[in-house]
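Q: Sharing a structure, written as structure tokens. Questions coming.
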Amino acid sequence: MASQRDVKNRIDSVKNIRKITRAMEMVAAARLRRAEQRIAHLRPYAGAIRRMTRQAAEAAGGEVGQLPILQQHESEQTIAILLVTADRGLAGAFNSQILRAGLRTAAEYESDGRDVTFYASGRRGVSSLSFRGREVAGSYTGFTERPAYADARDIAADLMAAYVDGKVDRVDILYNGYVSPLVQEVRRETLLPLQEATILESADDEDDDEETGHNALVEYEPGPEEILERLIPDYVEISLYRALLESTASELGARMTAMRNASQNAAEVIDDLTLEMNRARQAEITQEIMEVVAGAEALV
């Protein structure tokens, strides 16, 4: 049995760890509220971009196919998979579930004879893919806790260039969608080609259903083709930006939950160690009493 001093030192260590986990939980909770606000503020703009792009595409009609970014490739031989992870850990299964889903998706494509190219946002995703021997065509780090629109623009520029240049025929994105502080779900969505894009559809269906002026006659100046050519990069960028914001909120929610569980576990460990320390103290007292009795009997 450990001595009373050893157990007391362990209790002090666990108490210090609990202070850290509690502080990290509070910081994550405060940042989570701001992340939720950023998502809420983005939704109207994202819905408007989607509606404008759709209306301009309908107005352009047959001219749409002349835009390189809208030209669907004859075959989807090379698939780009963008994994959105975090720069840091201590967030439960937040990073690992994205990596597992990404590798599982790659295995599905490769089993069909297709090639897979990985892109990764977040140091955890980049390092994990490199550790597994996967080449990362594009890595983006240093902003996962507070992504800016410029970060989404950089990622979108690389993915659109790879698609237009024919290096990839399809772009899928995997990220943690934010449901609540306790629930984050892995979402696998299509970013390119835009004819199959799904990344904004589920979130903006309600906005589209409420849109009543969709069939109104609109005159475009300049023409709808030129407007569409300007809107498409914005559409891809806003899609990625929303995924980054969702991932950030999910990361903070997962970290808050993980740190709360860690604090609760620390409290249980402290209770167990306190009981062990009391037993050790009782054993020491009992031993001292026995020594006194034995000494008294020896004097008789």
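As shown in the structure tokens, the chain order sets the letters A, B, ...; within each chain, residues go from 1, and ligands are also counted from 1 in the order they appear.
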Could you list, with a cut-off of 12 Å and counting only C-alpha atoms, the residues of segment 71-161 of chain A near segment 26-43 of chain A, each shown with its nearest atom pair and the distance in Å rounded to one decimal, rows sorted by chain and ascending number, as JSON lines?

A:
```
{"residue": "A:Leu90", "atom": "CA", "partner": "A:Ala28", "partner_atom": "CA", "distance": 11.2}
{"residue": "A:Ala91", "atom": "CA", "partner": "A:Ala28", "partner_atom": "CA", "distance": 10.2}
{"residue": "A:Thr144", "atom": "CA", "partner": "A:Ala35", "partner_atom": "CA", "distance": 11.5}
{"residue": "A:Glu145", "atom": "CA", "partner": "A:Arg31", "partner_atom": "CA", "distance": 8.8}
{"residue": "A:Arg146", "atom": "CA", "partner": "A:Ala35", "partner_atom": "CA", "distance": 8.2}
{"residue": "A:Pro147", "atom": "CA", "partner": "A:Ala35", "partner_atom": "CA", "distance": 10.0}
{"residue": "A:Ala148", "atom": "CA", "partner": "A:Arg38", "partner_atom": "CA", "distance": 10.7}
{"residue": "A:Tyr149", "atom": "CA", "partner": "A:Leu42", "partner_atom": "CA", "distance": 10.9}
```

Q: Run DSSP on the backbone and grab whatever in segment 20-255 of chain A lands in helix (DSSP H, G or I); send it over as a ChimeraX atom specification.

A: /A:20-66,68-70,94-111,123-131,149-164,194-196,201-210,224-255

Q: Let me make sure I understand: among A:Leu83, A:Ala93, A:Leu174, A:Ala56, which one has the smallest atom-to-atom distance to Thr257 of chain A if we use only C-alpha atoms?

A: A:Ala93

Q: If you run DSSP on the backbone here, which positions in segment 10-222 of chain A get strand (DSSP E)? Please write them as a PyMOL selection string.

A: chain A and resi 78-84+115-121+136-140+170-180+183-192

Q: Can you tell me, as a list in words, what residues are no more than 7 Å from Val186 of chain A when counting only C-alpha atoms, ignoring any on the same chain fewer than 2 positions away?

A: Ile98, Leu174, Tyr175, Asn176, Gly177, Gln184 and Arg188 of chain A

Q: Go ahead and write the selection's residues with C-alpha atoms as a short mmCIF file (atom, residue, chain, number, x, y, z; two decimals), in the first residue's frame.

A:
```
data_model
loop_
_atom_site.label_atom_id
_atom_site.label_comp_id
_atom_site.auth_asym_id
_atom_site.auth_seq_id
_atom_site.Cartn_x
_atom_site.Cartn_y
_atom_site.Cartn_z
CA ILE A 98 -12.92 12.51 -39.71
CA LEU A 174 -15.57 15.63 -45.03
CA TYR A 175 -16.10 17.72 -41.92
CA ASN A 176 -17.84 17.65 -38.56
CA GLY A 177 -21.25 19.25 -38.90
CA GLN A 184 -21.29 16.53 -33.96
CA ARG A 188 -19.52 13.86 -46.53
#
```

Q: Pick the closest to Val164 of chain A from A:Arg124, A:Gln55, A:Ser13, A:Leu70: which is it, counting only C-alpha atoms?

A: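 Nearest to Val164 of chain A: A:Leu70.
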